[in-house]
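Student: If it helps, the file is called target38.txt and holds compact mmCIF, C-alpha atoms:
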```txt
# COMPACT_ATOMS: atom_id res chain seq x y z
CA MET D 394 87.88 32.40 -42.93
CA ASP D 395 90.84 30.41 -44.08
CA ALA D 396 92.55 30.11 -40.74
CA ILE D 397 89.48 29.01 -38.83
CA THR D 398 87.66 26.60 -41.14
CA PRO D 399 89.37 23.31 -42.02
CA ARG D 400 90.74 22.81 -45.49
CA ILE D 401 90.12 19.80 -47.70
CA VAL D 402 93.28 17.75 -48.08
CA ILE D 403 92.46 14.72 -50.23
CA THR D 404 89.44 12.99 -51.68
CA ILE D 405 88.84 9.29 -51.14
CA LEU D 406 86.20 7.68 -53.35
CA GLY D 407 84.60 11.03 -53.98
CA ILE D 408 84.34 12.00 -50.27
CA PRO D 409 86.40 15.09 -49.41
CA ILE D 410 88.64 14.49 -46.42
CA THR D 411 89.50 17.58 -44.39
CA SER D 412 92.58 18.04 -42.24
CA THR D 413 90.42 17.62 -39.13
CA VAL D 414 89.46 14.07 -40.16
CA ILE D 415 93.13 13.17 -40.66
CA SER D 416 93.95 14.64 -37.23
CA THR D 417 91.15 12.54 -35.72
CA TRP D 418 92.59 9.40 -37.34
CA VAL D 419 96.03 10.23 -35.92
CA VAL D 420 94.50 10.73 -32.45
CA MET D 421 92.70 7.38 -32.74
CA VAL D 422 95.94 5.64 -33.73
CA ILE D 423 97.77 7.29 -30.82
CA ILE D 424 95.10 6.18 -28.34
CA MET D 425 94.98 2.60 -29.65
CA VAL D 426 98.76 2.17 -29.70
CA SER D 427 99.09 3.72 -26.24
CA VAL D 428 96.43 1.41 -24.80
CA ILE D 429 98.09 -1.68 -26.29
CA LEU D 430 101.53 -0.68 -25.03
CA ILE D 431 100.27 0.31 -21.56
CA GLU D 432 98.34 -2.94 -21.18
CA LYS D 433 101.44 -4.94 -22.06
CA TYR D 434 104.16 -3.13 -20.10
CA LEU D 435 102.47 -1.10 -17.33
CA PRO D 436 99.11 -2.69 -16.46
CA THR D 437 98.80 -0.78 -13.19
CA LEU D 438 98.84 2.52 -15.07
CA SER D 439 95.67 1.64 -16.94
CA ASP D 440 94.02 0.76 -13.63
CA MET D 441 95.08 4.11 -12.21
CA ILE D 442 93.68 6.05 -15.17
CA GLY D 443 90.42 4.10 -15.05
CA ASP D 444 90.06 4.66 -11.30
CA PHE D 445 90.83 8.34 -11.70
CA ILE D 446 88.05 8.83 -14.23
CA ALA D 447 85.68 6.64 -12.20
CA ASP D 448 86.37 8.77 -9.08
CA ILE D 449 85.59 11.97 -10.96
CA VAL D 450 82.33 10.56 -12.29
CA ASN D 451 81.42 9.00 -8.97
CA SER D 452 81.84 12.23 -7.03
CA ILE D 453 79.36 13.99 -9.29
CA MET D 454 76.74 11.38 -10.03
CA GLY D 455 74.61 10.42 -7.07
CA VAL D 456 73.46 7.09 -8.50
CA ASN D 457 73.99 3.70 -6.87
CA THR D 458 76.30 2.37 -9.54
CA ILE D 459 78.00 4.27 -12.34
CA ASP D 460 78.79 1.14 -14.37
CA PRO D 461 76.19 1.68 -17.13
CA TYR D 462 77.38 5.23 -17.73
CA LEU D 463 81.14 4.90 -17.34
CA PRO D 464 81.99 3.70 -20.90
CA VAL D 465 80.52 6.76 -22.62
CA LEU D 466 81.94 9.21 -20.09
CA GLY D 467 85.35 7.56 -20.00
CA ALA D 468 85.58 7.48 -23.79
CA LEU D 469 84.64 11.17 -23.94
CA ALA D 470 87.23 12.06 -21.31
CA ILE D 471 90.12 10.16 -22.93
CA PHE D 472 89.30 11.24 -26.47
CA ILE D 473 88.94 14.91 -25.55
CA ALA D 474 92.07 14.92 -23.39
CA VAL D 475 94.26 13.33 -26.08
CA SER D 476 92.84 15.34 -28.97
CA ASN D 477 93.20 18.66 -27.11
CA SER D 478 96.85 17.81 -26.49
CA ALA D 479 97.46 16.81 -30.12
CA GLY D 480 97.87 20.47 -30.95
CA MET D 481 101.42 20.40 -29.69
CA PHE D 482 102.65 18.10 -32.49
CA PRO D 483 104.15 19.88 -35.48
CA LEU D 484 101.99 19.25 -38.51
CA ILE D 485 98.72 18.44 -36.74
CA SER D 486 96.05 20.77 -35.45
CA ALA D 487 93.81 19.55 -32.65
CA PRO D 488 90.63 17.92 -33.96
CA THR D 489 88.59 19.78 -31.35
CA SER D 490 89.70 23.10 -32.83
CA ASP D 491 87.12 22.43 -35.54
CA ILE D 492 83.56 23.19 -34.49
CA ASN D 493 82.27 20.09 -36.29
CA THR D 494 84.08 17.78 -33.86
CA THR D 495 82.85 19.60 -30.79
CA ILE D 496 79.28 19.71 -32.06
CA ALA D 497 79.49 15.95 -32.63
CA LEU D 498 80.70 15.37 -29.07
CA SER D 499 77.95 17.58 -27.63
CA LEU D 500 75.35 15.71 -29.67
CA VAL D 501 76.67 12.47 -28.20
CA VAL D 502 76.05 13.89 -24.72
CA PHE D 503 72.61 15.20 -25.75
CA PHE D 504 71.41 11.84 -27.03
CA ALA D 505 73.08 9.96 -24.17
CA VAL D 506 71.14 12.04 -21.62
CA HIS D 507 67.79 11.33 -23.24
CA VAL D 508 68.49 7.67 -23.97
CA TYR D 509 69.62 6.97 -20.41
CA GLY D 510 66.71 8.94 -19.01
CA ILE D 511 64.14 7.06 -21.07
CA GLN D 512 65.88 3.77 -20.33
CA SER D 513 65.72 4.22 -16.59
CA LYS D 514 62.37 5.90 -16.21
CA GLY D 515 60.22 5.01 -19.19
CA LEU D 516 59.14 7.43 -21.89
CA ALA D 517 55.95 8.82 -20.29
CA LYS D 518 57.43 9.47 -16.86
CA TYR D 519 60.58 11.01 -18.32
CA LEU D 520 58.62 13.40 -20.52
CA LYS D 521 56.29 14.29 -17.66
CA GLU D 522 59.24 15.52 -15.62
CA PHE D 523 59.82 18.31 -18.11
CA ALA D 524 56.32 19.66 -17.57
CA ASP D 525 56.36 19.41 -13.81
CA PRO D 526 55.46 23.06 -13.20
CA ILE D 527 53.95 23.66 -16.62
CA PHE D 528 55.22 27.22 -16.94
CA LEU D 529 58.78 25.89 -16.81
CA LEU D 530 58.29 23.80 -19.96
CA PRO D 531 59.59 26.38 -22.51
CA LEU D 532 62.49 27.12 -20.19
CA GLU D 533 63.37 23.44 -20.08
CA ILE D 534 63.25 23.09 -23.86
CA VAL D 535 65.43 26.16 -24.39
CA GLY D 536 67.68 24.87 -21.63
CA GLN D 537 68.34 21.64 -23.52
CA PHE D 538 69.52 23.50 -26.60
CA SER D 539 71.54 26.02 -24.64
CA ARG D 540 73.30 23.28 -22.66
CA THR D 541 74.37 21.54 -25.86
CA LEU D 542 75.43 24.80 -27.48
CA SER D 543 77.41 25.91 -24.45
CA LEU D 544 79.26 22.58 -24.27
CA THR D 545 80.18 22.97 -27.94
CA LEU D 546 81.30 26.56 -27.79
CA ARG D 547 83.21 26.21 -24.54
CA LEU D 548 85.42 23.40 -25.85
CA PHE D 549 85.77 24.92 -29.33
CA GLY D 550 86.54 28.42 -28.10
CA ASN D 551 89.13 27.32 -25.57
CA ILE D 552 91.08 25.10 -27.95
CA LEU D 553 90.83 27.35 -31.00
CA SER D 554 91.89 30.45 -29.10
CA GLY D 555 94.85 28.57 -27.64
CA GLU D 556 95.98 27.50 -31.10
CA LEU D 557 95.46 30.95 -32.64
CA ILE D 558 97.39 32.71 -29.89
CA ALA D 559 100.26 30.25 -30.22
CA ALA D 560 100.24 30.77 -34.00
CA ILE D 561 100.26 34.55 -33.68
CA ILE D 562 103.10 34.60 -31.15
CA PHE D 563 104.97 32.12 -33.32
CA SER D 564 104.70 34.44 -36.30
CA LEU D 565 106.09 37.31 -34.22
CA VAL D 566 108.85 35.69 -32.12
CA PRO D 567 109.47 32.13 -33.26
CA LEU D 568 112.27 31.15 -30.92
CA ILE D 569 111.35 30.72 -27.22
CA ALA D 570 108.23 32.82 -26.75
CA PRO D 571 105.55 30.30 -27.90
CA LEU D 572 106.63 27.73 -25.29
CA PRO D 573 104.74 29.04 -22.24
CA LEU D 574 101.67 29.56 -24.40
CA VAL D 575 101.79 26.00 -25.72
CA GLY D 576 102.18 24.80 -22.13
CA LEU D 577 99.17 26.85 -21.08
CA GLY D 578 97.29 25.37 -24.02
CA LEU D 579 98.07 21.83 -22.84
CA LEU D 580 96.90 22.66 -19.31
CA VAL D 581 93.71 24.25 -20.60
CA GLY D 582 93.09 21.22 -22.82
CA LEU D 583 93.24 18.79 -19.89
CA LEU D 584 91.07 21.08 -17.76
CA GLN D 585 88.49 21.35 -20.53
CA ALA D 586 88.38 17.56 -20.84
CA TYR D 587 87.72 17.34 -17.09
CA VAL D 588 85.01 20.00 -17.30
CA PHE D 589 83.33 18.38 -20.32
CA THR D 590 83.20 15.00 -18.58
CA SER D 591 81.97 16.54 -15.32
CA LEU D 592 79.19 18.46 -17.06
CA ALA D 593 78.17 15.42 -19.10
CA SER D 594 77.97 13.26 -15.97
CA LEU D 595 76.00 16.02 -14.20
CA TYR D 596 73.46 16.15 -17.03
CA ILE D 597 73.14 12.36 -17.16
CA SER D 598 72.70 12.10 -13.40
CA SER D 599 70.02 14.81 -13.40
CA ALA D 600 68.13 12.87 -16.07
CA VAL D 601 68.38 9.52 -14.35
CA ILE D 602 67.78 10.35 -10.70
CA THR D 603 64.22 10.71 -9.46
CA GLU D 604 63.85 13.48 -6.95
CA LYS D 605 62.07 12.40 -3.84
CA MET S 694 82.07 60.12 -41.75
CA SER S 695 80.00 59.22 -44.80
CA ASN S 696 82.76 60.05 -47.30
CA LEU S 697 84.85 57.08 -46.12
CA SER S 698 84.74 54.02 -48.31
CA PRO S 699 82.70 51.14 -46.84
CA GLU S 700 85.70 48.89 -46.22
CA ILE S 701 87.49 51.55 -44.19
CA LEU S 702 84.36 52.31 -42.22
CA ILE S 703 83.78 48.64 -41.41
CA THR S 704 87.42 48.14 -40.41
CA LEU S 705 87.37 51.23 -38.19
CA VAL S 706 84.20 50.23 -36.37
CA THR S 707 85.48 46.65 -36.05
CA ILE S 708 88.69 47.79 -34.39
CA ILE S 709 86.94 50.09 -31.94
CA VAL S 710 84.29 47.53 -31.02
CA SER S 711 86.88 44.75 -30.66
CA GLY S 712 88.96 46.83 -28.28
CA LEU S 713 85.98 47.76 -26.12
CA GLY S 714 84.59 44.27 -26.27
CA ILE S 715 87.77 42.57 -25.15
CA ILE S 716 88.25 45.01 -22.28
CA LEU S 717 84.73 44.46 -20.93
CA GLY S 718 84.52 40.80 -21.84
CA THR S 719 87.66 39.76 -20.00
CA SER S 720 87.58 42.03 -16.97
CA ILE S 721 84.00 41.35 -15.86
CA PRO S 722 84.34 37.53 -15.78
CA ALA S 723 87.72 37.89 -14.07
CA ILE S 724 86.23 40.02 -11.27
CA VAL S 725 83.32 37.65 -10.79
CA GLU S 726 85.60 34.58 -10.74
CA GLY S 727 87.80 36.26 -8.15
CA ARG S 728 84.79 36.64 -5.87
CA ALA S 729 83.89 32.98 -6.39
CA VAL S 730 87.41 31.89 -5.37
CA LEU S 731 87.18 34.14 -2.31
CA LYS S 732 84.02 32.42 -1.12
CA ALA S 733 85.43 28.98 -1.89
CA LEU S 734 88.56 29.68 0.17
CA ASP S 735 86.38 30.89 3.02
CA GLY S 736 84.50 27.63 2.83
CA ILE S 737 87.68 25.55 2.89
CA THR S 738 88.97 27.50 5.89
CA ARG S 739 85.76 26.99 7.75
CA GLN S 740 85.55 23.25 7.03
CA PRO S 741 88.82 21.65 5.87
CA GLU S 742 87.30 18.19 5.47
CA ALA S 743 84.97 19.45 2.72
CA ALA S 744 87.98 20.64 0.69
CA ASN S 745 87.58 18.03 -2.06
CA ASP S 746 83.91 18.78 -2.66
CA ILE S 747 84.57 22.50 -2.64
CA ARG S 748 87.46 22.10 -5.06
CA THR S 749 85.35 20.10 -7.53
CA THR S 750 82.48 22.59 -7.34
CA LEU S 751 84.90 25.48 -7.72
CA LEU S 752 86.54 24.04 -10.84
CA ILE S 753 83.27 23.30 -12.58
CA SER S 754 81.82 26.71 -11.69
CA MET S 755 84.94 28.51 -12.91
CA ALA S 756 84.76 26.71 -16.23
CA LEU S 757 81.12 27.73 -16.58
CA LEU S 758 81.91 31.35 -15.72
CA GLU S 759 84.88 31.33 -18.08
CA SER S 760 82.76 30.14 -20.97
CA THR S 761 81.04 33.51 -21.41
CA ALA S 762 84.44 35.17 -21.68
CA ILE S 763 85.33 32.59 -24.30
CA TYR S 764 82.19 33.48 -26.27
CA VAL S 765 83.31 37.14 -26.36
CA LEU S 766 86.82 36.10 -27.44
CA LEU S 767 85.37 33.92 -30.19
CA VAL S 768 83.25 36.71 -31.64
CA ILE S 769 86.17 39.15 -31.53
CA LEU S 770 88.46 36.62 -33.22
CA ILE S 771 85.95 36.03 -35.99
CA LEU S 772 85.50 39.78 -36.45
CA LEU S 773 89.24 40.38 -36.66
CA PHE S 774 90.35 37.43 -38.76
CA ALA S 775 87.41 36.37 -40.83
CA ASN S 776 85.16 39.41 -40.96
CA PRO S 777 82.07 38.28 -42.88
CA LEU S 778 81.02 41.85 -43.70
CA ILE S 779 84.25 42.60 -45.54
CA ASP S 780 83.98 39.31 -47.39
CA LEU S 781 80.47 40.27 -48.45
CA LEU S 782 81.68 43.68 -49.61
CA VAL S 783 84.59 42.37 -51.67
CA VAL S 784 82.27 39.99 -53.48
```
Once more with this new file: its structure as structure tokens, please.
Tutor:
Amino acid sequence: MDAITPRIVITILGIPITSTVISTWVVMVIIMVSVILIEKYLPTLSDMIGDFIADIVNSIMGVNTIDPYLPVLGALAIFIAVSNSAGMFPLISAPTSDINTTIALSLVVFFAVHVYGIQSKGLAKYLKEFADPIFLLPLEIVGQFSRTLSLTLRLFGNILSGELIAAIIFSLVPLIAPLPLVGLGLLVGLLQAYVFTSLASLYISSAVITEK
Amino acid sequence: MSNLSPEILITLVTIIVSGLGIILGTSIPAIVEGRAVLKALDGITRQPEAANDIRTTLLISMALLESTAIYVLLVILILLFANPLIDLLVV
């Protein structure tokens, strides 16, 4: 269990700090410094990244304007993309290779779906949509949990397996062999960020749109 | 078979099940994803202006199909590297 669960590194004020938390802090610092530098020297690049994410979200959500939902989805996309790629740095393991991080991100999506749904439709009407054909109600409830669980496990499994395979190949042939696997891991990380954001926007749009 | 010590028995069964599990768990999703790509390419050939929509749908669907293979990989990894039954036995 030692390789898969995070280990406690230091203790601040009586709170144990695991290596995942330190990796998350490093990812946050990387994102903040990159945003400051990009805004100062290459302002068009930040526009391009923002438009790219907005296009992805726009092609999936069928709402009139995606502006209320774009901050959450964009933050999820950027954080997951950067933290999946942080596995390539030497002493750091990706924060999303710990199931606690991915559960937290899925819970963000879970609560975002319900909050946006209640905000746009009102509590009674939103809850009535679950019981539309009444025999589908248990299926809907189970579906909510299974959607959250599948988001968690998909991201966790992809990133953890990438890291473990790279570690195993590194312990066998350290010289050139891990390189294609680390490259594949980077590609998979970006793809998983895209898929997470797409699925989150799909769930939000299905909660907000009223079927006519 | 019952004269083997419990650790050896658990390790043996784990190895056999992991081998079978990985074979089934990676080949079945791969076959199904291949068929999905086939249909998507047919769709792009038939209607080239819908290529972007088809590509987005294809990527999301492949990620969803792949996730069940990832579940199998996860269970096999936990069985091989952090087998809870052996930990229980040693304690």
Student: What does the distance from CA of Asn551 (chain D) to CA of Ile763 (chain S) come to in Å, to one decimal?
Tutor: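 Calculated distance between CA of Asn551 (chain D) and CA of Ile763 (chain S) is 6.6 Å.
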Student: Select all residues from chain D having any atom no more than 10 Å from an atom of chain S (counting all atoms listed in the file, ignoring ligands), output as JSON, numbers by chain.
Tutor: {"D": [394, 395, 396, 397, 398, 449, 452, 453, 543, 544, 546, 547, 548, 549, 550, 551, 553, 554, 557, 584, 585, 587, 588, 589, 591, 592]}
Student: I'd like the interatomic distance between CA of Pro741 (chain S) and CA of Glu726 (chain S), to a tenth of an Å.
Tutor: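 Going from CA of Pro741 (chain S) over to CA of Glu726 (chain S) covers 21.3 Å.
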Student: Write out as a list in words the residues lying within 12 Å of Ala479 (chain D), counting only C-alpha atoms and excluding same-chain residues fewer than 5 positions away.
Tutor: Thr413, Ile415, Ser416, Thr417, Trp418, Val419, Val420, Met421, Val422, Ile423, Ile424, Phe472, Ile473, Ala474, Leu484, Ile485, Ser486, Ala487, Pro488, Thr489, Ser490, Ile552, Glu556, Val575, Gly578, Leu579, Gly582 and Leu583 of chain D
Student: Which residues are near region 460-466 of chain D? Cut-off 8 Å, all atoms listed in the file, ignore same chain within fewer than 3 positions. Put them as a PyMOL selection string.
Tutor: chain D and resi 447+450+469-470+590+593-594
Student: Can you tell me, as a PyMOL selection string, which residues sit within 9 Å of (76.8, 16.7, -25.5) in the file's frame, using all atoms listed in the file?
Tutor: chain D and resi 495-506+540-542+544-545+589+592-593
Student: Restrict the selected residues to C-alpha atoms and save them as a compact mmCIF listing (two decimals), in the frame of the given file.
Tutor:
```
# COMPACT_ATOMS: atom_id res chain seq x y z
CA THR D 495 82.85 19.60 -30.79
CA ILE D 496 79.28 19.71 -32.06
CA ALA D 497 79.49 15.95 -32.63
CA LEU D 498 80.70 15.37 -29.07
CA SER D 499 77.95 17.58 -27.63
CA LEU D 500 75.35 15.71 -29.67
CA VAL D 501 76.67 12.47 -28.20
CA VAL D 502 76.05 13.89 -24.72
CA PHE D 503 72.61 15.20 -25.75
CA PHE D 504 71.41 11.84 -27.03
CA ALA D 505 73.08 9.96 -24.17
CA VAL D 506 71.14 12.04 -21.62
CA ARG D 540 73.30 23.28 -22.66
CA THR D 541 74.37 21.54 -25.86
CA LEU D 542 75.43 24.80 -27.48
CA LEU D 544 79.26 22.58 -24.27
CA THR D 545 80.18 22.97 -27.94
CA PHE D 589 83.33 18.38 -20.32
CA LEU D 592 79.19 18.46 -17.06
CA ALA D 593 78.17 15.42 -19.10
```
Student: Using CA of Phe563 (chain D) and CA of Leu577 (chain D) as the two end points, give the distance in Å to one decimal.
Tutor: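 According to the coordinates, CA of Phe563 (chain D) and CA of Leu577 (chain D) are separated by 14.5 Å.
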Student: For a quick check of understanding, using all atoms listed in the file, which of D:Val414, D:Ile602, D:Met425, D:Ile403 has the smallest distance to Lys514 (chain D)?
Tutor: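 Among the listed residues, the smallest separation from Lys514 (chain D) belongs to D:Ile602.
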Student: I'd like the contact shell of Ser698 (chain S) - 12 Å cut-off, all atoms listed in the file, skipping same-chain residues fewer than 5 positions apart - returned as a PDB file with C-alpha atoms, in the frame of the given file.
Tutor:
```pdb
ATOM      1  CA  ILE S 703      83.780  48.640 -41.410  1.00  0.00           C
ATOM      2  CA  THR S 704      87.420  48.140 -40.410  1.00  0.00           C
ATOM      3  CA  LEU S 705      87.370  51.230 -38.190  1.00  0.00           C
ATOM      4  CA  ILE S 779      84.250  42.600 -45.540  1.00  0.00           C
ATOM      5  CA  LEU S 782      81.680  43.680 -49.610  1.00  0.00           C
TER       6      LEU S 782
END
```
Student: Find the smallest box with edges along x, y and z containing every listed atom of region 770-778 of chain S, then add 6 Å on each side and report centre and edge lengths in Å to one decimal, as JSON.
Tutor:
```
{"center_x": 85.7, "center_y": 38.9, "center_z": -38.5, "size_x": 21.3, "size_y": 17.8, "size_z": 22.5}
```
Student: D:Leu516, D:Leu572, D:Ala560, D:Ala600: which is nearest Gln537 (chain D), counting all atoms listed in the file?
Tutor: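 Among the listed residues, D:Ala600 lies closest to Gln537 (chain D).
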Student: Would you mind writing region 759-770 of chain S with N, CA and C atoms, as a compact mmCIF listing (two decimals), in the frame of the given file?
Tutor:
```
# COMPACT_ATOMS: atom_id res chain seq x y z
N GLU S 759 83.92 30.96 -17.05
CA GLU S 759 84.88 31.33 -18.08
C GLU S 759 84.28 31.24 -19.46
N SER S 760 83.25 30.39 -19.62
CA SER S 760 82.76 30.14 -20.97
C SER S 760 82.17 31.39 -21.59
N THR S 761 81.57 32.29 -20.79
CA THR S 761 81.04 33.51 -21.41
C THR S 761 82.16 34.40 -21.90
N ALA S 762 83.29 34.41 -21.17
CA ALA S 762 84.44 35.17 -21.68
C ALA S 762 84.95 34.57 -22.98
N ILE S 763 84.88 33.24 -23.07
CA ILE S 763 85.33 32.59 -24.30
C ILE S 763 84.41 32.95 -25.46
N TYR S 764 83.08 33.09 -25.17
CA TYR S 764 82.19 33.48 -26.27
C TYR S 764 82.60 34.84 -26.82
N VAL S 765 82.90 35.80 -25.90
CA VAL S 765 83.31 37.14 -26.36
C VAL S 765 84.57 37.05 -27.20
N LEU S 766 85.55 36.24 -26.70
CA LEU S 766 86.82 36.10 -27.44
C LEU S 766 86.58 35.52 -28.82
N LEU S 767 85.66 34.55 -28.91
CA LEU S 767 85.37 33.92 -30.19
C LEU S 767 84.82 34.93 -31.19
N VAL S 768 83.85 35.75 -30.72
CA VAL S 768 83.25 36.71 -31.64
C VAL S 768 84.29 37.72 -32.10
N ILE S 769 85.15 38.17 -31.16
CA ILE S 769 86.17 39.15 -31.53
C ILE S 769 87.16 38.55 -32.52
N LEU S 770 87.53 37.26 -32.29
CA LEU S 770 88.46 36.62 -33.22
C LEU S 770 87.87 36.52 -34.61
```
